[in-house]
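Structure file my_file-v7.txt (compact mmCIF, C-alpha atoms and all ligand atoms) follows.
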```
# COMPACT_ATOMS: atom_id res chain seq x y z
CA MET A 1 37.30 102.83 116.73
CA THR A 2 40.47 102.58 118.82
CA ASP A 3 40.58 99.61 121.16
CA PRO A 4 40.23 100.91 124.74
CA GLN A 5 41.93 97.73 126.03
CA ALA A 6 44.95 97.91 123.70
CA ASP A 7 47.36 99.16 126.36
CA ARG A 8 46.08 97.15 129.32
CA VAL A 9 48.81 95.18 131.07
CA VAL A 10 48.35 92.53 133.75
CA ALA A 11 51.76 91.69 135.22
CA LEU A 12 52.74 88.11 136.07
CA GLU A 13 52.95 89.15 139.73
CA GLU A 14 49.28 90.18 139.60
CA TRP A 15 48.30 86.72 138.35
CA LYS A 16 50.30 85.11 141.15
CA GLU A 17 48.59 87.40 143.68
CA ARG A 18 45.21 86.38 142.34
CA TRP A 19 46.08 82.77 143.04
CA GLN A 20 47.44 83.57 146.50
CA GLU A 21 44.23 85.43 147.36
CA ASN A 22 41.98 82.83 145.70
CA ARG A 23 40.61 85.42 143.25
CA ILE A 24 40.26 82.81 140.54
CA GLY A 25 36.71 83.35 139.32
CA PHE A 26 37.83 82.01 135.92
CA HIS A 27 38.21 78.48 137.30
CA GLN A 28 35.37 76.10 136.46
CA LEU A 29 34.52 72.99 138.46
CA HIS A 30 33.25 71.13 135.38
CA VAL A 31 34.64 70.33 131.96
CA HIS A 32 33.99 73.28 129.66
CA GLU A 33 30.80 72.83 127.62
CA MET A 34 32.38 74.18 124.44
CA LEU A 35 35.21 71.65 124.71
CA LYS A 36 32.70 68.84 125.17
CA ASN A 37 30.56 70.12 122.30
CA ASN A 38 33.47 70.33 119.89
CA ILE A 39 35.73 67.51 121.01
CA ASN A 40 34.90 65.27 118.03
CA ASN A 41 35.93 68.03 115.69
CA VAL A 42 39.19 68.49 117.59
CA LEU A 43 40.01 64.79 117.69
CA ALA A 44 38.88 64.06 114.11
CA GLY A 45 38.99 60.33 114.86
CA ARG A 46 42.49 60.42 116.34
CA THR A 47 43.47 58.62 119.54
CA GLY A 48 46.36 59.41 121.89
CA VAL A 49 46.48 63.06 120.84
CA ARG A 50 49.10 65.36 122.42
CA PHE A 51 47.23 68.39 123.80
CA PHE A 52 48.82 71.72 124.66
CA PHE A 53 47.13 73.95 127.27
CA PRO A 54 48.58 77.49 127.23
CA LEU A 55 47.90 79.32 130.52
CA CYS A 56 46.36 76.15 131.93
CA GLY A 57 45.45 77.21 135.47
CA LYS A 58 44.01 74.13 137.17
CA ALA A 59 41.48 73.37 134.43
CA VAL A 60 39.72 70.05 135.07
CA ASP A 61 39.62 69.64 131.27
CA MET A 62 43.23 68.38 131.51
CA LYS A 63 42.21 65.40 133.64
CA TRP A 64 39.19 64.72 131.40
CA LEU A 65 41.39 64.47 128.30
CA ALA A 66 44.07 62.41 130.07
CA ASP A 67 41.37 59.99 131.29
CA MET A 68 40.45 59.49 127.60
CA GLY A 69 44.03 58.43 126.84
CA HIS A 70 45.36 61.72 125.51
CA SER A 71 48.45 63.43 126.88
CA VAL A 72 48.55 66.98 128.19
CA VAL A 73 51.29 69.59 128.47
CA GLY A 74 50.33 72.83 130.18
CA VAL A 75 52.08 76.08 131.05
CA GLU A 76 51.11 78.13 134.09
CA ILE A 77 52.96 80.78 136.09
CA SER A 78 51.32 79.94 139.42
CA GLU A 79 52.94 77.12 141.36
CA LYS A 80 49.96 77.19 143.71
CA GLY A 81 47.59 76.62 140.79
CA ILE A 82 49.64 73.70 139.48
CA LYS A 83 49.87 72.00 142.87
CA GLN A 84 46.15 72.49 143.43
CA PHE A 85 45.44 70.83 140.10
CA PHE A 86 47.19 67.64 141.14
CA GLU A 87 45.91 67.67 144.70
CA GLU A 88 42.26 68.38 143.80
CA ASN A 89 42.31 65.61 141.20
CA ASN A 90 43.95 63.13 143.59
CA LEU A 91 47.02 62.75 141.41
CA THR A 92 50.50 62.26 142.81
CA TYR A 93 53.26 64.15 141.03
CA SER A 94 56.98 64.67 140.75
CA GLU A 95 58.71 68.03 140.48
CA GLU A 96 61.94 68.78 138.65
CA PRO A 97 63.82 71.76 137.21
CA VAL A 98 63.82 72.45 133.47
CA PRO A 99 67.46 73.04 132.46
CA ALA A 100 66.46 74.78 129.21
CA ILE A 101 64.31 77.37 131.05
CA PRO A 102 66.14 79.02 133.96
CA GLY A 103 63.95 79.12 137.07
CA ALA A 104 61.23 76.89 135.58
CA LYS A 105 59.95 73.64 137.04
CA VAL A 106 57.95 70.82 135.49
CA TYR A 107 55.36 68.93 137.51
CA LYS A 108 54.54 65.48 136.16
CA SER A 109 51.67 63.25 137.15
CA SER A 110 52.74 59.76 138.17
CA GLU A 111 49.49 58.11 136.99
CA LYS A 112 48.39 60.20 133.99
CA ASN A 113 50.17 61.65 131.03
CA ILE A 114 50.09 65.24 132.28
CA SER A 115 53.13 67.58 132.52
CA LEU A 116 52.68 71.14 133.75
CA TYR A 117 55.45 73.70 133.30
CA GLN A 118 55.64 76.45 135.87
CA CYS A 119 57.09 79.35 133.88
CA ASP A 120 56.23 82.35 131.75
CA LEU A 121 54.49 81.12 128.60
CA TYR A 122 56.89 83.11 126.43
CA SER A 123 59.89 81.12 127.68
CA PHE A 124 58.26 77.90 126.42
CA SER A 125 58.96 76.65 122.88
CA SER A 126 58.81 73.57 120.65
CA SER A 127 62.37 72.73 121.70
CA ILE A 128 61.01 71.72 125.14
CA GLU A 129 58.18 69.31 124.25
CA GLY A 130 58.03 69.24 120.45
CA ARG A 131 54.86 70.11 118.54
CA PHE A 132 51.28 69.22 119.42
CA GLY A 133 48.30 67.57 117.76
CA ALA A 134 45.78 69.80 119.53
CA ILE A 135 45.61 73.04 121.51
CA TRP A 136 42.79 73.97 123.89
CA ASP A 137 42.83 77.72 124.40
CA ARG A 138 40.30 78.76 127.02
CA GLY A 139 41.10 81.85 129.08
CA SER A 140 44.45 82.22 127.35
CA LEU A 141 44.46 84.43 124.23
CA VAL A 142 41.74 86.43 126.01
CA ALA A 143 43.92 86.72 129.16
CA ILE A 144 47.29 87.75 127.74
CA ASN A 145 48.08 91.42 127.36
CA PRO A 146 46.54 92.71 124.10
CA LYS A 147 49.88 94.11 122.88
CA ASP A 148 51.38 90.60 123.06
CA ARG A 149 48.86 88.94 120.74
CA GLU A 150 51.14 88.69 117.70
CA LYS A 151 53.97 87.21 119.75
CA TYR A 152 51.45 84.80 121.27
CA ALA A 153 50.03 83.74 117.90
CA THR A 154 53.52 83.17 116.51
CA LEU A 155 54.31 80.94 119.50
CA MET A 156 51.07 78.95 119.11
CA MET A 157 51.70 78.37 115.41
CA SER A 158 55.25 77.20 116.19
CA LEU A 159 53.79 74.59 118.56
CA MET A 160 51.29 73.15 116.03
CA ASP A 161 52.13 70.00 114.10
CA LYS A 162 50.81 69.59 110.55
CA GLU A 163 47.64 67.82 111.74
CA CYS A 164 47.08 70.13 114.70
CA ARG A 165 43.55 71.21 115.56
CA TYR A 166 43.52 74.28 117.74
CA LEU A 167 40.27 75.09 119.52
CA LEU A 168 40.25 78.76 120.52
CA LEU A 169 37.61 80.52 122.64
CA THR A 170 37.18 84.27 122.32
CA PHE A 171 34.73 86.80 123.73
CA LEU A 172 32.86 89.59 122.02
CA TYR A 173 31.54 92.34 124.25
CA ASN A 174 31.61 96.13 124.44
CA PRO A 175 35.18 96.95 125.62
CA GLU A 176 34.06 100.45 126.63
CA LEU A 177 32.12 98.86 129.49
CA TYR A 178 34.72 96.53 131.04
CA LYS A 179 38.50 96.74 131.16
CA GLY A 180 39.27 92.98 131.22
CA PRO A 181 40.69 90.42 131.52
CA PRO A 182 39.16 88.55 129.87
CA PHE A 183 39.76 90.91 126.97
CA PHE A 184 37.51 91.08 123.94
CA VAL A 185 39.02 89.67 120.75
CA PRO A 186 37.15 90.44 117.53
CA ASN A 187 36.83 87.69 114.92
CA GLU A 188 38.71 89.87 112.42
CA GLN A 189 41.71 89.82 114.73
CA VAL A 190 41.63 86.01 114.96
CA HIS A 191 41.91 86.07 111.17
CA SER A 192 44.68 88.68 111.09
CA LEU A 193 46.68 86.74 113.72
CA PHE A 194 46.36 83.24 112.26
CA GLY A 195 44.83 83.56 108.79
CA ASP A 196 48.02 83.76 106.72
CA SER A 197 49.13 80.24 107.56
CA CYS A 198 45.99 78.65 109.00
CA ASP A 199 42.41 77.91 108.01
CA ILE A 200 39.92 79.20 110.55
CA GLU A 201 36.37 78.00 111.05
CA LEU A 202 33.85 79.44 113.51
CA LEU A 203 32.42 76.26 115.06
CA GLN A 204 30.11 77.69 117.68
CA SER A 205 28.86 81.03 118.87
CA VAL A 206 26.83 81.27 122.06
CA ASP A 207 25.25 83.98 124.17
CA GLY A 208 27.40 83.71 127.31
CA LEU A 209 26.03 86.63 129.32
CA THR A 210 25.59 85.67 132.99
CA GLU A 211 24.86 87.59 136.18
CA LYS A 212 28.64 87.78 136.76
CA HIS A 213 29.08 89.60 133.45
CA ARG A 214 26.13 91.90 134.14
CA GLY A 215 27.94 92.72 137.39
CA TRP A 216 30.96 93.78 135.30
CA GLY A 217 28.63 96.23 133.52
CA LEU A 218 28.26 94.23 130.31
CA ASP A 219 25.04 94.17 128.31
CA TYR A 220 26.00 91.38 125.91
CA LEU A 221 28.70 88.76 125.74
CA THR A 222 29.19 86.27 122.94
CA GLU A 223 31.54 83.32 123.29
CA ASN A 224 33.02 82.06 120.04
CA ALA A 225 34.77 78.73 119.41
CA HIS A 226 37.18 78.80 116.45
CA LEU A 227 38.90 75.78 114.94
CA ILE A 228 42.35 76.72 113.62
CA ARG A 229 44.30 74.31 111.39
CA PRO A 230 47.55 74.75 109.46
CA LYS A 231 46.88 75.28 105.76
CA SER A 232 47.87 72.23 103.78
CA ASN A 233 50.48 72.99 101.12
C1 LIG B 301 42.12 83.37 132.88
S1 LIG B 301 43.16 82.17 133.65
C2 LIG B 301 42.68 80.74 132.72
C3 LIG B 301 43.15 79.43 133.28
C4 LIG B 301 42.65 78.19 132.55
N1 LIG B 301 42.95 78.20 131.13
C5 LIG B 301 41.19 77.94 132.79
O1 LIG B 301 40.46 77.84 131.81
O2 LIG B 301 40.78 77.84 133.96
C6 LIG B 301 44.78 82.61 133.01
C7 LIG B 301 45.90 81.87 133.71
O3 LIG B 301 47.12 82.18 133.07
C8 LIG B 301 48.16 82.37 134.03
N2 LIG B 301 49.11 83.28 133.33
C9 LIG B 301 48.89 84.55 132.95
N3 LIG B 301 49.91 85.01 132.21
C10 LIG B 301 50.81 83.99 132.11
C11 LIG B 301 52.06 83.85 131.45
N4 LIG B 301 52.61 84.85 130.72
N5 LIG B 301 52.69 82.66 131.53
C12 LIG B 301 52.17 81.63 132.24
N6 LIG B 301 50.98 81.72 132.90
C13 LIG B 301 50.31 82.88 132.83
C14 LIG B 301 47.45 82.92 135.25
O4 LIG B 301 48.14 82.63 136.45
C15 LIG B 301 46.09 82.21 135.18
O5 LIG B 301 46.08 81.04 135.92
```

With the file now loaded, output its structure as structure tokens.
Ligand SMILES: C[S@@+](CC[C@H](N)C(=O)[O-])C[C@H]1O[C@@H](n2cnc3c(N)ncnc32)[C@H](O)[C@@H]1O
Amino acid sequence: MTDPQADRVVALEEWKERWQENRIGFHQLHVHEMLKNNINNVLAGRTGVRFFFPLCGKAVDMKWLADMGHSVVGVEISEKGIKQFFEENNLTYSEEPVPAIPGAKVYKSSEKNISLYQCDLYSFSSSIEGRFGAIWDRGSLVAINPKDREKYATLMMSLMDKECRYLLLTFLYNPELYKGPPFFVPNEQVHSLFGDSCDIELLQSVDGLTEKHRGWGLDYLTENAHLIRPKSN
């Protein structure tokens, strides 16, 4: 079967418009259940872990992890989303340019260890903030344009340190019924993207179909949590 979503493109401007018009149905007011359920497996007993949040939006999960003593680096194209994150969580912040990324700014919390880069994800690299001990990928691989998945996976793997534990959420649904985003990402593709250099474990699989998804025309929706770790040599 050919993937009916393969050529779908959502431009950066469209994401910014969504924020301007408050069409941000992806935002959740509470810490994601699948992060809470799997956090012990992500931390593996470690404290002070450096978390990376690709396409972070204003996810409250960032504050939750920072409150536990971890540090967070996120990347988000919407300045409005970044400012709302700090304001809605009652955090003061500073704002400065990022010389290595023309046009980018970094917003840093004064109280918590949270730095959010306002730029295109693909201009970010390990030369900016080093590598990370954990990645929380919710609404990110499933949100990027399907044709960019290999570039995205290469970037994620370049940001993982040797001990990194990358928690990835994907959706399974019938792509003939909804155009996305979020896009459907089959488990086989998770393996083809990351499997050469990483071990992949399916930690949790839940029926995630809600009234919202029925409204999109979907008849089933499965949410999968994968744990991705660099293969040890
Ligand atoms: C589906 S939302 C998920 C946000 C967040 N992870 C959450 O769980 O609420 C995707 C976010 O990625 C941002 N975005 C999309 N493409 C991007 C890109 N190439 N670089 C940086 N941000 C991007 C959008 O503005 C949007 O806030």

- Message: If the limit is 6 Å from any atom of ligand LIG 301 (chain B), counting all atoms listed in the file, which residues qualify? Return them as a PyMOL selection string.
- Response: chain A and resi 12+15-16+26-27+55-59+75-78+119-121+138-140+143-144

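For the atom pair formed by atom CA of Phe183 of chain A and atom CA of Lys231 of chain A, the distance is 27.3 Å, given to one decimal.
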
- Query: Neighbours of segment 103-106 of chain A within 10 Å (only C-alpha atoms; same-chain residues fewer than 5 positions away dropped), as a PyMOL selection string?
  - Reply: chain A and resi 73-75+77+79+82+93-98+115-120+123-124

List the residues sitting within 12 Å of (50.9, 71.6, 123.4) in the file's frame, using all atoms listed in the file, as a PDB file with C-alpha atoms, in the frame of the given file.
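See result_3.pdb below for the written result:
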```
ATOM      1  CA  VAL A  49      46.480  63.060 120.840  1.00  0.00           C
ATOM      2  CA  ARG A  50      49.100  65.360 122.420  1.00  0.00           C
ATOM      3  CA  PHE A  51      47.230  68.390 123.800  1.00  0.00           C
ATOM      4  CA  PHE A  52      48.820  71.720 124.660  1.00  0.00           C
ATOM      5  CA  PHE A  53      47.130  73.950 127.270  1.00  0.00           C
ATOM      6  CA  PRO A  54      48.580  77.490 127.230  1.00  0.00           C
ATOM      7  CA  LEU A  55      47.900  79.320 130.520  1.00  0.00           C
ATOM      8  CA  CYS A  56      46.360  76.150 131.930  1.00  0.00           C
ATOM      9  CA  MET A  62      43.230  68.380 131.510  1.00  0.00           C
ATOM     10  CA  HIS A  70      45.360  61.720 125.510  1.00  0.00           C
ATOM     11  CA  SER A  71      48.450  63.430 126.880  1.00  0.00           C
ATOM     12  CA  VAL A  72      48.550  66.980 128.190  1.00  0.00           C
ATOM     13  CA  VAL A  73      51.290  69.590 128.470  1.00  0.00           C
ATOM     14  CA  GLY A  74      50.330  72.830 130.180  1.00  0.00           C
ATOM     15  CA  VAL A  75      52.080  76.080 131.050  1.00  0.00           C
ATOM     16  CA  ILE A 114      50.090  65.240 132.280  1.00  0.00           C
ATOM     17  CA  SER A 115      53.130  67.580 132.520  1.00  0.00           C
ATOM     18  CA  LEU A 116      52.680  71.140 133.750  1.00  0.00           C
ATOM     19  CA  TYR A 117      55.450  73.700 133.300  1.00  0.00           C
ATOM     20  CA  LEU A 121      54.490  81.120 128.600  1.00  0.00           C
ATOM     21  CA  PHE A 124      58.260  77.900 126.420  1.00  0.00           C
ATOM     22  CA  SER A 125      58.960  76.650 122.880  1.00  0.00           C
ATOM     23  CA  SER A 126      58.810  73.570 120.650  1.00  0.00           C
ATOM     24  CA  SER A 127      62.370  72.730 121.700  1.00  0.00           C
ATOM     25  CA  ILE A 128      61.010  71.720 125.140  1.00  0.00           C
ATOM     26  CA  GLU A 129      58.180  69.310 124.250  1.00  0.00           C
ATOM     27  CA  GLY A 130      58.030  69.240 120.450  1.00  0.00           C
ATOM     28  CA  ARG A 131      54.860  70.110 118.540  1.00  0.00           C
ATOM     29  CA  PHE A 132      51.280  69.220 119.420  1.00  0.00           C
ATOM     30  CA  GLY A 133      48.300  67.570 117.760  1.00  0.00           C
ATOM     31  CA  ALA A 134      45.780  69.800 119.530  1.00  0.00           C
ATOM     32  CA  ILE A 135      45.610  73.040 121.510  1.00  0.00           C
ATOM     33  CA  TRP A 136      42.790  73.970 123.890  1.00  0.00           C
ATOM     34  CA  ASP A 137      42.830  77.720 124.400  1.00  0.00           C
ATOM     35  CA  LEU A 155      54.310  80.940 119.500  1.00  0.00           C
ATOM     36  CA  MET A 156      51.070  78.950 119.110  1.00  0.00           C
ATOM     37  CA  MET A 157      51.700  78.370 115.410  1.00  0.00           C
ATOM     38  CA  SER A 158      55.250  77.200 116.190  1.00  0.00           C
ATOM     39  CA  LEU A 159      53.790  74.590 118.560  1.00  0.00           C
ATOM     40  CA  MET A 160      51.290  73.150 116.030  1.00  0.00           C
ATOM     41  CA  ASP A 161      52.130  70.000 114.100  1.00  0.00           C
ATOM     42  CA  CYS A 164      47.080  70.130 114.700  1.00  0.00           C
ATOM     43  CA  ARG A 165      43.550  71.210 115.560  1.00  0.00           C
ATOM     44  CA  TYR A 166      43.520  74.280 117.740  1.00  0.00           C
ATOM     45  CA  LEU A 167      40.270  75.090 119.520  1.00  0.00           C
TER      46      LEU A 167
END
```

- Between atom CA of Leu43 of chain A and atom CA of Leu227 of chain A, what is the distance, to one decimal in Å? 11.4 Å

- With a distance cut-off of 10 Å and all atoms listed in the file, select the neighbouring residues of segment 212-222 of chain A, excluding the residue or stretch itself and same-chain residues fewer than 5 positions from it, and output the selection as a list in words. Gly25, Thr170, Phe171, Leu172, Tyr173, Asn174, Pro175, Glu176, Leu177, Tyr178, Lys179, Gly180, Phe184, Ser205, Val206 and Asp207 of chain A

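Each of A:Arg46, A:Val60, A:Ser192, A:Thr210 was checked against His30 of chain A using all atoms listed in the file; the smallest atom-to-atom distance is that of A:Val60.
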
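The coordinates place atom CA of Asn89 of chain A at 29.1 Å from atom CA of Gln204 of chain A.
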